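What follows is the content of upload18.cif, which has mmCIF, C-alpha atoms:
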data_data
loop_
_atom_site.group_PDB
_atom_site.id
_atom_site.type_symbol
_atom_site.label_atom_id
_atom_site.label_comp_id
_atom_site.auth_asym_id
_atom_site.auth_seq_id
_atom_site.Cartn_x
_atom_site.Cartn_y
_atom_site.Cartn_z
ATOM 1 C CA MET E 4 33.128 -38.201 73.563
ATOM 2 C CA ALA E 5 30.459 -36.435 75.648
ATOM 3 C CA ASP E 6 26.821 -37.323 75.024
ATOM 4 C CA LYS E 7 24.647 -34.556 73.655
ATOM 5 C CA LYS E 8 21.882 -33.654 76.055
ATOM 6 C CA LYS E 9 18.463 -34.562 74.652
ATOM 7 C CA TYR E 10 16.111 -31.645 73.980
ATOM 8 C CA ASN E 11 12.829 -32.270 75.771
ATOM 9 C CA PHE E 12 10.241 -29.527 75.701
ATOM 10 C CA LYS E 13 6.506 -29.167 76.036
ATOM 11 C CA CYS E 14 4.849 -25.754 76.235
ATOM 12 C CA LEU E 15 2.764 -25.615 79.410
ATOM 13 C CA GLU E 16 0.630 -22.849 77.871
ATOM 14 C CA THR E 17 -1.829 -21.370 80.413
ATOM 15 C CA GLU E 18 -0.508 -23.701 83.140
ATOM 16 C CA CYS E 19 2.970 -22.138 82.910
ATOM 17 C CA SER E 20 4.189 -20.672 86.188
ATOM 18 C CA ASN E 21 6.394 -17.843 84.897
ATOM 19 C CA ARG E 22 5.691 -17.214 81.177
ATOM 20 C CA VAL E 23 9.310 -16.309 80.387
ATOM 21 C CA CYS E 24 8.290 -16.416 76.718
ATOM 22 C CA CYS E 25 6.120 -13.325 77.349
ATOM 23 C CA THR E 26 8.282 -11.611 79.983
ATOM 24 C CA ARG E 27 11.668 -11.959 78.258
ATOM 25 C CA PRO E 28 13.320 -8.572 77.581
ATOM 26 C CA GLU E 29 12.328 -8.439 73.902
ATOM 27 C CA VAL E 30 10.086 -10.306 71.507
ATOM 28 C CA ASN E 31 11.508 -9.971 67.991
ATOM 29 C CA VAL E 32 9.184 -9.383 65.056
ATOM 30 C CA THR E 33 10.240 -10.096 61.467
ATOM 31 C CA THR E 34 9.094 -8.869 58.081
ATOM 32 C CA GLY E 35 7.813 -12.429 57.627
ATOM 33 C CA ASP E 36 5.548 -11.921 60.658
ATOM 34 C CA LEU E 37 4.213 -8.707 59.098
ATOM 35 C CA SER E 38 3.514 -10.569 55.847
ATOM 36 C CA ARG E 39 1.709 -13.421 57.632
ATOM 37 C CA TRP E 40 -0.403 -10.945 59.635
ATOM 38 C CA THR E 41 -1.255 -8.981 56.478
ATOM 39 C CA VAL E 42 -2.369 -12.136 54.642
ATOM 40 C CA ALA E 43 -4.427 -13.193 57.692
ATOM 41 C CA ASN E 44 -5.957 -9.686 57.772
ATOM 42 C CA VAL E 45 -4.961 -9.094 61.423
ATOM 43 C CA LEU E 46 -2.047 -6.651 61.068
ATOM 44 C CA GLN E 47 -4.238 -3.614 61.798
ATOM 45 C CA HIS E 48 -5.170 -5.185 65.175
ATOM 46 C CA ILE E 49 -1.539 -5.922 66.071
ATOM 47 C CA MET E 50 0.146 -2.685 64.861
ATOM 48 C CA GLY E 51 -0.409 -0.846 68.150
ATOM 49 C CA ALA E 52 1.601 -3.504 69.957
ATOM 50 C CA LEU E 53 4.665 -3.157 67.706
ATOM 51 C CA GLU E 54 7.673 -0.871 68.026
ATOM 52 C CA LEU E 55 10.620 0.048 65.881
ATOM 53 C CA LYS E 56 13.791 0.140 68.007
ATOM 54 C CA VAL E 57 16.274 2.604 66.555
ATOM 55 C CA PRO E 58 19.932 2.058 67.534
ATOM 56 C CA GLU E 59 21.033 4.159 70.486
ATOM 57 C CA GLY E 60 24.637 3.042 70.534
ATOM 58 C CA GLU E 61 27.417 1.641 68.431
ATOM 59 C CA GLY E 62 26.971 -1.956 67.346
ATOM 60 C CA GLU E 63 23.190 -1.909 67.771
ATOM 61 C CA VAL E 64 20.891 -2.604 64.853
ATOM 62 C CA ILE E 65 17.432 -1.304 64.023
ATOM 63 C CA ARG E 66 14.825 -3.925 64.869
ATOM 64 C CA MET E 67 11.113 -4.554 65.260
ATOM 65 C CA VAL E 68 9.836 -5.815 68.594
ATOM 66 C CA THR E 69 6.585 -6.020 70.483
ATOM 67 C CA ALA E 70 5.893 -3.117 72.840
ATOM 68 C CA ARG E 71 6.157 -3.665 76.597
ATOM 69 C CA LYS E 72 3.630 -3.151 79.373
ATOM 70 C CA PRO E 73 3.967 -3.424 83.165
ATOM 71 C CA LEU E 74 2.690 -6.586 84.785
ATOM 72 C CA GLU E 75 -0.321 -6.065 87.038
ATOM 73 C CA SER E 76 1.067 -8.614 89.505
ATOM 74 C CA ASP E 77 4.532 -6.984 89.647
ATOM 75 C CA SER E 78 4.837 -3.414 88.383
ATOM 76 C CA ASP E 79 8.656 -3.683 88.448
ATOM 77 C CA LYS E 80 8.469 -6.217 85.614
ATOM 78 C CA THR E 81 7.200 -5.874 82.067
ATOM 79 C CA ALA E 82 5.733 -8.238 79.526
ATOM 80 C CA CYS E 83 4.977 -8.293 75.835
ATOM 81 C CA ALA E 84 2.040 -5.995 75.040
ATOM 82 C CA LEU E 85 0.239 -9.006 73.529
ATOM 83 C CA TYR E 86 0.363 -10.977 76.804
ATOM 84 C CA HIS E 87 -2.969 -11.220 78.660
ATOM 85 C CA GLU E 88 -2.007 -11.629 82.296
ATOM 86 C CA GLU E 89 -5.440 -12.582 83.621
ATOM 87 C CA SER E 90 -5.740 -15.585 81.284
ATOM 88 C CA ASN E 91 -1.954 -16.220 81.358
ATOM 89 C CA ASN E 92 -1.922 -16.393 77.583
ATOM 90 C CA CYS E 93 -0.892 -14.608 74.412
ATOM 91 C CA THR E 94 -3.730 -12.707 72.756
ATOM 92 C CA ILE E 95 -2.481 -13.839 69.329
ATOM 93 C CA ARG E 96 -1.374 -17.342 70.361
ATOM 94 C CA TYR E 97 -2.257 -19.007 67.058
ATOM 95 C CA ILE E 98 -0.605 -16.375 64.867
ATOM 96 C CA ARG E 99 2.153 -15.182 67.213
ATOM 97 C CA PRO E 100 5.588 -14.034 65.961
ATOM 98 C CA ILE E 101 7.899 -16.733 64.660
ATOM 99 C CA SER E 102 10.343 -16.003 67.513
ATOM 100 C CA CYS E 103 7.571 -17.039 69.929
ATOM 101 C CA ARG E 104 6.747 -20.198 67.984
ATOM 102 C CA THR E 105 10.370 -21.346 68.202
ATOM 103 C CA PHE E 106 10.856 -20.327 71.856
ATOM 104 C CA PRO E 107 12.929 -21.500 73.728
ATOM 105 C CA LEU E 108 14.820 -23.170 70.869
ATOM 106 C CA GLN E 109 16.949 -20.757 68.879
ATOM 107 C CA TYR E 110 19.445 -20.973 66.027
ATOM 108 C CA ASN E 111 22.352 -18.587 65.507
ATOM 109 C CA GLY E 112 23.418 -19.637 62.011
ATOM 110 C CA GLU E 113 25.778 -22.316 63.314
ATOM 111 C CA LYS E 114 24.140 -24.170 66.181
ATOM 112 C CA PHE E 115 20.877 -24.661 68.038
ATOM 113 C CA PHE E 116 20.575 -23.644 71.682
ATOM 114 C CA VAL E 117 18.029 -23.018 74.425
ATOM 115 C CA SER E 118 17.607 -19.242 74.642
ATOM 116 C CA ASN E 119 16.062 -19.196 78.122
ATOM 117 C CA LYS E 120 16.677 -22.024 80.568
ATOM 118 C CA GLN E 121 14.102 -20.578 83.008
ATOM 119 C CA CYS E 122 11.254 -21.857 80.811
ATOM 120 C CA PRO E 123 9.378 -24.505 82.880
ATOM 121 C CA GLY E 124 8.519 -26.447 79.702
ATOM 122 C CA ILE E 125 12.162 -27.478 79.264
ATOM 123 C CA GLY E 126 12.597 -31.107 80.265
ATOM 124 C CA GLN E 127 8.850 -31.743 80.043
ATOM 125 C CA GLY E 128 7.393 -34.316 77.686
ATOM 126 C CA GLU E 129 9.108 -36.289 74.961
ATOM 127 C CA VAL E 130 10.157 -34.753 71.685
ATOM 128 C CA THR E 131 9.952 -37.223 68.795
ATOM 129 C CA LYS E 132 12.537 -37.184 66.004
ATOM 130 C CA GLU E 133 9.926 -35.703 63.669
ATOM 131 C CA ALA E 134 8.938 -32.996 66.171
ATOM 132 C CA LEU E 135 12.602 -32.131 66.797
ATOM 133 C CA LYS E 136 13.223 -31.920 63.053
ATOM 134 C CA GLU E 137 10.231 -29.566 62.682
ATOM 135 C CA ALA E 138 11.376 -27.441 65.646
ATOM 136 C CA LYS E 139 14.873 -27.119 64.181
ATOM 137 C CA GLU E 140 13.509 -26.225 60.734
ATOM 138 C CA LEU E 141 11.304 -23.537 62.282
ATOM 139 C CA ALA E 142 14.278 -22.188 64.301
ATOM 140 C CA GLU E 143 16.324 -22.011 61.078
ATOM 141 C CA GLU E 144 13.430 -20.210 59.355
ATOM 142 C CA GLU E 145 13.233 -17.745 62.277
ATOM 143 C CA TYR E 146 16.980 -17.113 61.980
ATOM 144 C CA ASP E 147 16.684 -16.483 58.218
ATOM 145 C CA GLU E 148 13.741 -14.100 58.745
ATOM 146 C CA ARG E 149 15.597 -12.287 61.543
ATOM 147 C CA VAL E 150 18.675 -11.783 59.332
ATOM 148 C CA GLU E 151 16.544 -10.686 56.365
ATOM 149 C CA THR E 152 14.688 -8.208 58.596
ATOM 150 C CA GLN E 153 17.949 -6.798 59.993
ATOM 151 C CA LEU E 154 19.200 -6.273 56.441
ATOM 152 C CA ALA E 155 15.973 -4.669 55.160
ATOM 153 C CA LEU E 156 15.000 -2.415 58.072
ATOM 154 C CA PRO E 157 17.717 0.259 57.689
ATOM 155 C CA ALA E 158 16.693 0.834 54.058
ATOM 156 C CA ILE E 159 12.974 0.864 54.888
ATOM 157 C CA TYR E 160 13.561 3.241 57.807
ATOM 158 C CA GLY E 161 15.710 5.502 55.621
ATOM 159 C CA MET E 162 13.035 5.672 52.914
ATOM 160 C CA ILE E 163 10.310 6.505 55.440
ATOM 161 C CA MET E 164 12.435 9.226 57.074
ATOM 162 C CA ALA E 165 13.344 10.725 53.678
ATOM 163 C CA GLN E 166 9.648 10.810 52.725
ATOM 164 C CA MET E 167 8.726 12.492 56.016
ATOM 165 C CA ILE E 168 11.460 15.121 55.557
ATOM 166 C CA LYS E 169 10.286 15.773 52.000
ATOM 167 C CA GLN E 170 6.678 16.192 53.161
ATOM 168 C CA SER E 171 7.820 18.555 55.939
ATOM 169 C CA GLN E 172 9.781 20.655 53.484
ATOM 170 C CA GLU E 173 6.789 20.848 51.135
ATOM 171 C CA ALA E 174 4.498 21.847 53.996
ATOM 172 C CA MET E 175 6.925 24.573 55.113
ATOM 173 C CA LYS E 176 7.105 25.987 51.574
ATOM 174 C CA ASN E 177 3.333 26.415 51.612
ATOM 175 C CA MET E 178 3.198 28.146 55.018
ATOM 176 C CA SER E 179 2.403 31.836 55.282
ATOM 177 C CA PRO E 180 5.141 34.151 56.634
ATOM 178 C CA GLU E 181 3.097 34.592 59.845
ATOM 179 C CA ASP E 182 2.809 30.824 60.379
ATOM 180 C CA LEU E 183 6.530 30.384 59.685
ATOM 181 C CA GLU E 184 7.316 33.010 62.309
ATOM 182 C CA LYS E 185 5.054 31.231 64.848
ATOM 183 C CA LEU E 186 6.762 27.917 64.071
ATOM 184 C CA GLU E 187 10.227 29.434 64.507
ATOM 185 C CA LYS E 188 9.199 30.872 67.895
ATOM 186 C CA MET E 189 7.852 27.495 69.016
ATOM 187 C CA MET E 190 11.047 25.732 67.926
ATOM 188 C CA GLN E 191 13.204 28.351 69.671
ATOM 189 C CA LYS E 192 11.165 27.952 72.867
ATOM 190 C CA GLN E 193 11.656 24.186 72.721
ATOM 191 C CA LYS E 194 15.432 24.645 72.311
ATOM 192 C CA ASP E 195 15.512 27.069 75.241
ATOM 193 C CA ASP E 196 13.516 24.650 77.421
ATOM 194 C CA GLU E 197 15.907 21.805 76.552
ATOM 195 C CA LYS E 198 18.926 23.960 77.505
ATOM 196 C CA GLU E 199 17.369 24.686 80.912
ATOM 197 C CA GLU E 200 16.983 20.961 81.635
#

For the file at hand, write its structure as structure tokens.
Amino acid sequence: MADKKKYNFKCLETECSNRVCCTRPEVNVTTGDLSRWTVANVLQHIMGALELKVPEGEGEVIRMVTARKPLESDSDKTACALYHEESNNCTIRYIRPISCRTFPLQYNGEKFFVSNKQCPGIGQGEVTKEALKEAKELAEEEYDERVETQLALPAIYGMIMAQMIKQSQEAMKNMSPEDLEKLEKMMQKQKDDEKEE
């Protein structure tokens, strides 16, 4: 029987050479993160760095992620909008998303795995049994929050869109005939411009 490889990890924080935790393609955000930020009274400061990703293709799911920004040191690469390149640190380090707190350990509902082997903290330091147990519990919690968020977001998105449509319809009912005509002309011009492209 093959020996299981021991999980050794120590976050190098500001001494990290590549910050793959901040430059990975996406940083997931859960409804649990939103709740924690609301309770801590910091959500209003973080909202501008969050995005709702609507599915563009079959098999994709709606999800919340942090926005991206180009790196100053390499404009071909992007990082999480909450990453502060000059200090090589996360601007919300002590209340960062749960997916960041578990990084690079991840759980998929069946097994634990290292989500990014490029992280320089892998193989560093010793992980005690207690610390490993805590890391696994947090990874399981992140998985549960991610699943719960994926289940809730379509309904939340649908309710918001329905409310926006209703408000639009109400606003159009209250428009004067002249304003309606102006709006129709603007919409027709936009359609014509799109056809030309």

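What separates atom CA of E:Cys103 from atom CA of E:Pro58 is a distance of 22.9 Å.
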
Check your understanding: Distance atom CA of E:Ser20-atom CA of E:Gly128, one decimal place?
Key -> 16.4 Å

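Here atom CA of E:Arg149 stands at a distance of 9.7 Å from atom CA of E:Met67.
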
First collect every listed atom of stretch 41-56 of chain E; then fit an axis-aligned box around them, widen it by 5 Å on each side, and give centre and edge lengths in Å to one decimal, as lines of an AutoDock Vina configuration file.
center_x = 3.9
center_y = -6.5
center_z = 62.3
size_x = 29.7
size_y = 23.3
size_z = 25.3

Dump as a tab-separated table the rows for residues of stretch 65-171 of chain E within 7 Å of stretch 34-53 of chain E: closest atom pair and distance in Å with one decimal, only C-alpha atoms counted, ordered by chain and rising residue number.
residue	atom	partner	partner_atom	distance
E:Val68	CA	E:Leu53	CA	5.9
E:Thr69	CA	E:Leu53	CA	4.4
E:Ala70	CA	E:Ala52	CA	5.2
E:Ala84	CA	E:Ala52	CA	5.7
E:Leu85	CA	E:Ala52	CA	6.7
E:Pro100	CA	E:Asp36	CA	5.7
E:Ile101	CA	E:Asp36	CA	6.7
E:Glu148	CA	E:Gly35	CA	6.3
E:Thr152	CA	E:Thr34	CA	5.7

Review point. Just so the selection is clear, what residues does the PyMOL selection byres ((chain E and resi 104) around 12) cover here, as an MDAnalysis selection string?
Key: chainID E and resid 14 16 24:25 30:32 36 93 95:103 105:109 137:145

Produce a file of the selected residues containing C-alpha atoms, as a short mmCIF file (atom, residue, chain, number, x, y, z; two decimals), in the coordinates of the input.
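Output file out.cif is given in full below:
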data_model
loop_
_atom_site.label_atom_id
_atom_site.label_comp_id
_atom_site.auth_asym_id
_atom_site.auth_seq_id
_atom_site.Cartn_x
_atom_site.Cartn_y
_atom_site.Cartn_z
CA CYS E 14 4.85 -25.75 76.24
CA GLU E 16 0.63 -22.85 77.87
CA CYS E 24 8.29 -16.42 76.72
CA CYS E 25 6.12 -13.32 77.35
CA VAL E 30 10.09 -10.31 71.51
CA ASN E 31 11.51 -9.97 67.99
CA VAL E 32 9.18 -9.38 65.06
CA ASP E 36 5.55 -11.92 60.66
CA CYS E 93 -0.89 -14.61 74.41
CA ILE E 95 -2.48 -13.84 69.33
CA ARG E 96 -1.37 -17.34 70.36
CA TYR E 97 -2.26 -19.01 67.06
CA ILE E 98 -0.60 -16.38 64.87
CA ARG E 99 2.15 -15.18 67.21
CA PRO E 100 5.59 -14.03 65.96
CA ILE E 101 7.90 -16.73 64.66
CA SER E 102 10.34 -16.00 67.51
CA CYS E 103 7.57 -17.04 69.93
CA THR E 105 10.37 -21.35 68.20
CA PHE E 106 10.86 -20.33 71.86
CA PRO E 107 12.93 -21.50 73.73
CA LEU E 108 14.82 -23.17 70.87
CA GLN E 109 16.95 -20.76 68.88
CA GLU E 137 10.23 -29.57 62.68
CA ALA E 138 11.38 -27.44 65.65
CA LYS E 139 14.87 -27.12 64.18
CA GLU E 140 13.51 -26.22 60.73
CA LEU E 141 11.30 -23.54 62.28
CA ALA E 142 14.28 -22.19 64.30
CA GLU E 143 16.32 -22.01 61.08
CA GLU E 144 13.43 -20.21 59.36
CA GLU E 145 13.23 -17.74 62.28
#

Review point. Quick one: residues within 10 Å of E:Pro28, all atoms listed in the file counted, chain neighbours fewer than 4 positions away excluded, as a PyMOL selection string?
Key: chain E and resi 23-24+71+80-83

Check your understanding: Just so the selection is clear, what residues does the PyMOL selection byres ((chain E and resi 155-169) around 9) cover here, as an MDAnalysis selection string?
Key -> chainID E and resid 34 64:67 150:154 170:174

Evaluated on this file, the PyMOL selection byres ((chain E and resi 131) around 12) picks out some residues - which ones are they, written as a PDB file with C-alpha atoms, keeping the file's coordinate frame?
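Written file, out.pdb:
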ATOM      1  CA  LYS E   9      18.463 -34.562  74.652  1.00  0.00           C
ATOM      2  CA  TYR E  10      16.111 -31.645  73.980  1.00  0.00           C
ATOM      3  CA  ASN E  11      12.829 -32.270  75.771  1.00  0.00           C
ATOM      4  CA  PHE E  12      10.241 -29.527  75.701  1.00  0.00           C
ATOM      5  CA  LYS E  13       6.506 -29.167  76.036  1.00  0.00           C
ATOM      6  CA  GLY E 128       7.393 -34.316  77.686  1.00  0.00           C
ATOM      7  CA  GLU E 129       9.108 -36.289  74.961  1.00  0.00           C
ATOM      8  CA  VAL E 130      10.157 -34.753  71.685  1.00  0.00           C
ATOM      9  CA  LYS E 132      12.537 -37.184  66.004  1.00  0.00           C
ATOM     10  CA  GLU E 133       9.926 -35.703  63.669  1.00  0.00           C
ATOM     11  CA  ALA E 134       8.938 -32.996  66.171  1.00  0.00           C
ATOM     12  CA  LEU E 135      12.602 -32.131  66.797  1.00  0.00           C
ATOM     13  CA  LYS E 136      13.223 -31.920  63.053  1.00  0.00           C
ATOM     14  CA  GLU E 137      10.231 -29.566  62.682  1.00  0.00           C
ATOM     15  CA  ALA E 138      11.376 -27.441  65.646  1.00  0.00           C
TER      16      ALA E 138
END
